[in-house]
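Participant: Quick one: structure below, then a few questions.
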2 protein chains.
Amino acid sequence: MATNQLYKGSLSTIILKLLGEKGRMYGYQITQEVKAISSGEYVITEGALYPMLHKLEAQGLLTVEIEMTGNRMRKYYSITKNGKKEVANLMTEMESYIRNMQSLLNPKIDLA
Amino acid sequence: MATNQLYKGSLSTIILKLLGEKGRMYGYQITQEVKAISSGEYVITEGALYPMLHKLEAQGLLTVEIEMTGNRMRKYYSITKNGKKEVANLMTEMESYIRNMQSLLNPKIDLA
DNA sequence: TCTAATGCATAAGCTATTTATGTATGTTTG
DNA sequence: CAAACATACATAAATAGCTTATGCATTAGA
């Protein structure tokens with residue numbers, strides 16, 4: 001990973017939002033989806049993903065169902081009611097963050 | 001700090017960009033400026049600020065001049081040529097981050 | 001005169017992450 | 001058909017970027 005540090009702190013927001021939009025997804029699928037949407041610029045590492053999924057489940061924001069595709073296990077995650085509340089808060093924080101960054105970093109806003 | 005984790009990783013970008021725009025600033029002044037611009041939503045702690053200023057100086061991205069205002073010390077920082085190169089890279093990364101977040105979190109973009 | 005603000009600094013601890021492994025199945029390719 | 005790569009889960013150690021806590025000193029305000 002020669003990538004930048006900016007994505008730190010946004011993983012839970014991304015996971016919850018994605019599950020809120022797309023319905024059930026399994027871990028590996030989330031990594032592929034995020035990589036695709038970000039044009040390969042954000043690659044979620046497994047060491048970050050799986051502990052985060054377990055944490056969100058432990059917090060009651062996600063539920064999990066294990067399914068077998070042939071001999072291969074998949075753990076499908078879905079967002080809970082509390083998860084939906086939480087994602088709304090996280091989205092507000094993200095919007096506020098982006099707004100503040102734009103203020104801080106683009107002082108040349110055209111107010112004309 | 002009950003604040004969110006999203007600001008992690010953006011401190012160096014903010015400092016360098018601010019110094020690139022405003023010219024010389026001292027540490028405390030940076031914290032006040034950032035707090036004001038973000039409407040109090042981003043408060044840089046001293047424990048984060050000063051080590052970062054020292055790090056950026058050690059990397060040759062900032063230079064420092066000590067001045068006395070009466071009996072009170074101020075350390076004025078200015079951006080170097082290498083700092084300007086670096087801030088350009090960091091800005092590109094920030095723009096890319098924000099673009100990717102908007103793709104990931106606002107799937108309902110009007111393409112109409 | 002006590003408190004808050006200004007202005008610097010560092011050390012310990014926390015937390016989200018990266019890096020490094022590990023296990024196992026399925027698919028592609030030389 | 002064997003090796004490499006993709007799929008799919010998992011965890012532990014190390015790292016990075018902070019927060020929290022503390023310290024010192026000057027200045028302004030209640």
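Letters A, B, ... mark the chains of the structure tokens in the order given; residue numbers begin at 1 per chain; ligand numbers begin at 1, in order shown.
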Taking only C-alpha atoms (C1' of nucleotides) into account, what are the residues of chain D at most 10 Å from chain B, put as a PyMOL selection string?

Facilitator: chain D and resi 16-21+25-27

Participant: Report as an NGL selection string the set of chain C residues whose atoms approach chain B to within 12 Å, with distances computed over only C-alpha atoms (C1' of nucleotides).

Facilitator: :C and (5-12 or 15-17)

Participant: Could you save those same residues with N, CA, C and O atoms (P, O5', C5', C4', C3', O3' and C1' of nucleotides) as a PDB file, in the first residue's frame?

Facilitator:
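For reference, again05.pdb as written:
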ATOM      1  P    DA C   5     -10.987  30.498  27.419  1.00  0.00           P
ATOM      2  O5'  DA C   5      -9.726  31.254  26.779  1.00  0.00           O
ATOM      3  C5'  DA C   5      -9.773  32.667  26.593  1.00  0.00           C
ATOM      4  C4'  DA C   5      -8.400  33.152  26.177  1.00  0.00           C
ATOM      5  C3'  DA C   5      -7.804  32.415  24.969  1.00  0.00           C
ATOM      6  O3'  DA C   5      -7.396  33.389  24.014  1.00  0.00           O
ATOM      7  C1'  DA C   5      -6.238  32.516  26.742  1.00  0.00           C
ATOM      8  P    DT C   6      -6.807  32.978  22.622  1.00  0.00           P
ATOM      9  O5'  DT C   6      -5.230  33.029  22.894  1.00  0.00           O
ATOM     10  C5'  DT C   6      -4.606  34.286  23.058  1.00  0.00           C
ATOM     11  C4'  DT C   6      -3.145  34.116  23.392  1.00  0.00           C
ATOM     12  C3'  DT C   6      -2.314  33.421  22.293  1.00  0.00           C
ATOM     13  O3'  DT C   6      -1.206  34.249  22.007  1.00  0.00           O
ATOM     14  C1'  DT C   6      -1.840  32.505  24.396  1.00  0.00           C
ATOM     15  P    DG C   7      -0.435  34.136  20.657  1.00  0.00           P
ATOM     16  O5'  DG C   7       0.371  32.783  20.836  1.00  0.00           O
ATOM     17  C5'  DG C   7       1.779  32.823  21.098  1.00  0.00           C
ATOM     18  C4'  DG C   7       2.314  31.512  21.575  1.00  0.00           C
ATOM     19  C3'  DG C   7       2.149  30.283  20.668  1.00  0.00           C
ATOM     20  O3'  DG C   7       3.219  30.227  19.728  1.00  0.00           O
ATOM     21  C1'  DG C   7       2.220  29.801  23.024  1.00  0.00           C
ATOM     22  P    DC C   8       3.359  28.882  18.814  1.00  0.00           P
ATOM     23  O5'  DC C   8       4.169  27.866  19.744  1.00  0.00           O
ATOM     24  C5'  DC C   8       5.554  28.088  19.964  1.00  0.00           C
ATOM     25  C4'  DC C   8       6.066  27.326  21.163  1.00  0.00           C
ATOM     26  C3'  DC C   8       6.230  25.822  20.964  1.00  0.00           C
ATOM     27  O3'  DC C   8       7.455  25.546  20.322  1.00  0.00           O
ATOM     28  C1'  DC C   8       5.399  26.345  23.148  1.00  0.00           C
ATOM     29  P    DA C   9       7.684  24.096  19.702  1.00  0.00           P
ATOM     30  O5'  DA C   9       7.565  23.126  20.950  1.00  0.00           O
ATOM     31  C5'  DA C   9       8.589  23.119  21.941  1.00  0.00           C
ATOM     32  C4'  DA C   9       8.279  22.065  22.979  1.00  0.00           C
ATOM     33  C3'  DA C   9       8.078  20.677  22.384  1.00  0.00           C
ATOM     34  O3'  DA C   9       9.317  19.997  22.404  1.00  0.00           O
ATOM     35  C1'  DA C   9       6.525  21.165  24.156  1.00  0.00           C
ATOM     36  P    DT C  10       9.409  18.569  21.720  1.00  0.00           P
ATOM     37  O5'  DT C  10       8.977  17.553  22.880  1.00  0.00           O
ATOM     38  C5'  DT C  10       9.516  17.700  24.193  1.00  0.00           C
ATOM     39  C4'  DT C  10       8.829  16.696  25.095  1.00  0.00           C
ATOM     40  C3'  DT C  10       8.782  15.285  24.504  1.00  0.00           C
ATOM     41  O3'  DT C  10       9.122  14.371  25.536  1.00  0.00           O
ATOM     42  C1'  DT C  10       6.606  15.973  25.087  1.00  0.00           C
ATOM     43  P    DA C  11       9.529  12.901  25.178  1.00  0.00           P
ATOM     44  O5'  DA C  11       8.651  12.018  26.168  1.00  0.00           O
ATOM     45  C5'  DA C  11       8.234  12.532  27.443  1.00  0.00           C
ATOM     46  C4'  DA C  11       7.101  11.665  27.944  1.00  0.00           C
ATOM     47  C3'  DA C  11       7.137  10.231  27.427  1.00  0.00           C
ATOM     48  O3'  DA C  11       6.662   9.370  28.466  1.00  0.00           O
ATOM     49  C1'  DA C  11       5.129  11.268  26.725  1.00  0.00           C
ATOM     50  P    DA C  12       6.689   7.795  28.310  1.00  0.00           P
ATOM     51  O5'  DA C  12       5.145   7.418  28.469  1.00  0.00           O
ATOM     52  C5'  DA C  12       4.388   8.015  29.522  1.00  0.00           C
ATOM     53  C4'  DA C  12       2.928   7.641  29.352  1.00  0.00           C
ATOM     54  C3'  DA C  12       2.702   6.179  28.961  1.00  0.00           C
ATOM     55  O3'  DA C  12       1.528   5.729  29.630  1.00  0.00           O
ATOM     56  C1'  DA C  12       1.798   7.583  27.292  1.00  0.00           C
ATOM     57  P    DT C  15      -9.639   2.795  22.395  1.00  0.00           P
ATOM     58  O5'  DT C  15      -9.725   3.011  20.821  1.00  0.00           O
ATOM     59  C5'  DT C  15      -9.248   4.218  20.249  1.00  0.00           C
ATOM     60  C4'  DT C  15      -9.102   4.039  18.750  1.00  0.00           C
ATOM     61  C3'  DT C  15      -9.700   2.754  18.178  1.00  0.00           C
ATOM     62  O3'  DT C  15     -10.178   3.058  16.895  1.00  0.00           O
ATOM     63  C1'  DT C  15      -7.416   2.789  17.715  1.00  0.00           C
ATOM     64  P    DA C  16     -11.361   2.220  16.225  1.00  0.00           P
ATOM     65  O5'  DA C  16     -11.016   2.440  14.684  1.00  0.00           O
ATOM     66  C5'  DA C  16     -10.571   3.709  14.245  1.00  0.00           C
ATOM     67  C4'  DA C  16      -9.577   3.539  13.116  1.00  0.00           C
ATOM     68  C3'  DA C  16      -9.964   2.459  12.114  1.00  0.00           C
ATOM     69  O3'  DA C  16      -9.784   2.962  10.798  1.00  0.00           O
ATOM     70  C1'  DA C  16      -7.798   2.048  12.955  1.00  0.00           C
ATOM     71  P    DT C  17     -10.257   2.116   9.539  1.00  0.00           P
ATOM     72  O5'  DT C  17      -8.899   1.378   9.126  1.00  0.00           O
ATOM     73  C5'  DT C  17      -7.941   2.122   8.426  1.00  0.00           C
ATOM     74  C4'  DT C  17      -6.548   1.642   8.722  1.00  0.00           C
ATOM     75  C3'  DT C  17      -6.069   0.505   7.831  1.00  0.00           C
ATOM     76  O3'  DT C  17      -5.552   1.035   6.626  1.00  0.00           O
ATOM     77  C1'  DT C  17      -5.166   0.436  10.055  1.00  0.00           C
TER      78       DT C  17
END

Participant: Residues of chain A within 9 Å of chain B, counting only C-alpha atoms, what are they? List them as a VMD selection string.

Facilitator: chain A and resid 3 to 10 13 to 14 17 to 18 21 34 37 to 39 41 to 42 90 to 91 93 to 94 96 to 101 103 to 105 107

Participant: DSSP on the backbone, alpha helix (DSSP H) only: what residues of chain B does that give? Format it as a VMD selection string.

Facilitator: chain B and resid 11 to 22 27 to 37 46 to 58 81 to 105

Participant: What are the DSSP strand (DSSP E) residues of chain A, as a ChimeraX atom specification?

Facilitator: /A:25-26,62-69,72-79

Participant: What does the file look like for those residues with N, CA and C atoms, as a PDB file, in the first residue's frame?

Facilitator:
ATOM      1  N   MET A  25     -24.470  -8.314   1.408  1.00  0.00           N
ATOM      2  CA  MET A  25     -23.218  -8.532   0.698  1.00  0.00           C
ATOM      3  C   MET A  25     -22.299  -9.355   1.588  1.00  0.00           C
ATOM      4  N   TYR A  26     -21.364 -10.076   0.967  1.00  0.00           N
ATOM      5  CA  TYR A  26     -20.357 -10.770   1.763  1.00  0.00           C
ATOM      6  C   TYR A  26     -19.040 -10.021   1.644  1.00  0.00           C
ATOM      7  N   LEU A  62     -24.932  -4.755  12.197  1.00  0.00           N
ATOM      8  CA  LEU A  62     -25.032  -5.716  11.097  1.00  0.00           C
ATOM      9  C   LEU A  62     -25.491  -7.069  11.649  1.00  0.00           C
ATOM     10  N   THR A  63     -26.139  -7.829  10.775  1.00  0.00           N
ATOM     11  CA  THR A  63     -26.388  -9.239  11.100  1.00  0.00           C
ATOM     12  C   THR A  63     -25.743 -10.084  10.016  1.00  0.00           C
ATOM     13  N   VAL A  64     -25.513 -11.346  10.341  1.00  0.00           N
ATOM     14  CA  VAL A  64     -24.785 -12.202   9.412  1.00  0.00           C
ATOM     15  C   VAL A  64     -25.524 -13.510   9.179  1.00  0.00           C
ATOM     16  N   GLU A  65     -25.446 -13.985   7.941  1.00  0.00           N
ATOM     17  CA  GLU A  65     -25.984 -15.305   7.608  1.00  0.00           C
ATOM     18  C   GLU A  65     -24.932 -16.053   6.808  1.00  0.00           C
ATOM     19  N   ILE A  66     -24.608 -17.243   7.246  1.00  0.00           N
ATOM     20  CA  ILE A  66     -23.616 -18.046   6.530  1.00  0.00           C
ATOM     21  C   ILE A  66     -24.302 -18.864   5.451  1.00  0.00           C
ATOM     22  N   GLU A  67     -23.712 -18.826   4.275  1.00  0.00           N
ATOM     23  CA  GLU A  67     -24.238 -19.639   3.174  1.00  0.00           C
ATOM     24  C   GLU A  67     -23.103 -20.377   2.506  1.00  0.00           C
ATOM     25  N   MET A  68     -23.433 -21.541   1.934  1.00  0.00           N
ATOM     26  CA  MET A  68     -22.434 -22.296   1.211  1.00  0.00           C
ATOM     27  C   MET A  68     -22.734 -22.199  -0.291  1.00  0.00           C
ATOM     28  N   THR A  69     -21.715 -21.862  -1.050  1.00  0.00           N
ATOM     29  CA  THR A  69     -21.800 -21.890  -2.507  1.00  0.00           C
ATOM     30  C   THR A  69     -20.908 -23.048  -2.940  1.00  0.00           C
ATOM     31  N   ARG A  72     -17.804 -23.671  -0.778  1.00  0.00           N
ATOM     32  CA  ARG A  72     -17.188 -22.428  -0.333  1.00  0.00           C
ATOM     33  C   ARG A  72     -18.127 -21.606   0.551  1.00  0.00           C
ATOM     34  N   MET A  73     -17.592 -21.202   1.677  1.00  0.00           N
ATOM     35  CA  MET A  73     -18.381 -20.443   2.632  1.00  0.00           C
ATOM     36  C   MET A  73     -18.464 -18.970   2.246  1.00  0.00           C
ATOM     37  N   ARG A  74     -19.635 -18.416   2.441  1.00  0.00           N
ATOM     38  CA  ARG A  74     -19.789 -16.967   2.359  1.00  0.00           C
ATOM     39  C   ARG A  74     -20.568 -16.490   3.569  1.00  0.00           C
ATOM     40  N   LYS A  75     -20.148 -15.360   4.091  1.00  0.00           N
ATOM     41  CA  LYS A  75     -20.880 -14.776   5.216  1.00  0.00           C
ATOM     42  C   LYS A  75     -21.540 -13.497   4.723  1.00  0.00           C
ATOM     43  N   TYR A  76     -22.835 -13.583   4.549  1.00  0.00           N
ATOM     44  CA  TYR A  76     -23.601 -12.438   4.053  1.00  0.00           C
ATOM     45  C   TYR A  76     -23.998 -11.517   5.205  1.00  0.00           C
ATOM     46  N   TYR A  77     -23.689 -10.259   5.040  1.00  0.00           N
ATOM     47  CA  TYR A  77     -24.019  -9.265   6.057  1.00  0.00           C
ATOM     48  C   TYR A  77     -25.172  -8.390   5.593  1.00  0.00           C
ATOM     49  N   SER A  78     -26.029  -8.042   6.544  1.00  0.00           N
ATOM     50  CA  SER A  78     -27.136  -7.113   6.290  1.00  0.00           C
ATOM     51  C   SER A  78     -27.157  -6.059   7.378  1.00  0.00           C
ATOM     52  N   ILE A  79     -27.668  -4.908   7.036  1.00  0.00           N
ATOM     53  CA  ILE A  79     -27.719  -3.815   8.000  1.00  0.00           C
ATOM     54  C   ILE A  79     -28.962  -3.946   8.874  1.00  0.00           C
TER      55      ILE A  79
END

Participant: To one decimal place, how far is C1' of DT19 in chain C from C1' of DC9 in chain D in Å?

Facilitator: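 Interatomic distance here is 17.8 Å.
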
Participant: What is the distance between CA of Leu56 in chain B and CA of Gln32 in chain B, in Å to one decimal?

Facilitator: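 CA of Leu56 in chain B sits 19.4 Å away from CA of Gln32 in chain B.
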
Participant: Quick one: distance from CA of Thr80 in chain B to CA of Lys35 in chain B in Å, one decimal?

Facilitator: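 Atom-to-atom, CA of Thr80 in chain B and CA of Lys35 in chain B are spaced 24.5 Å apart.
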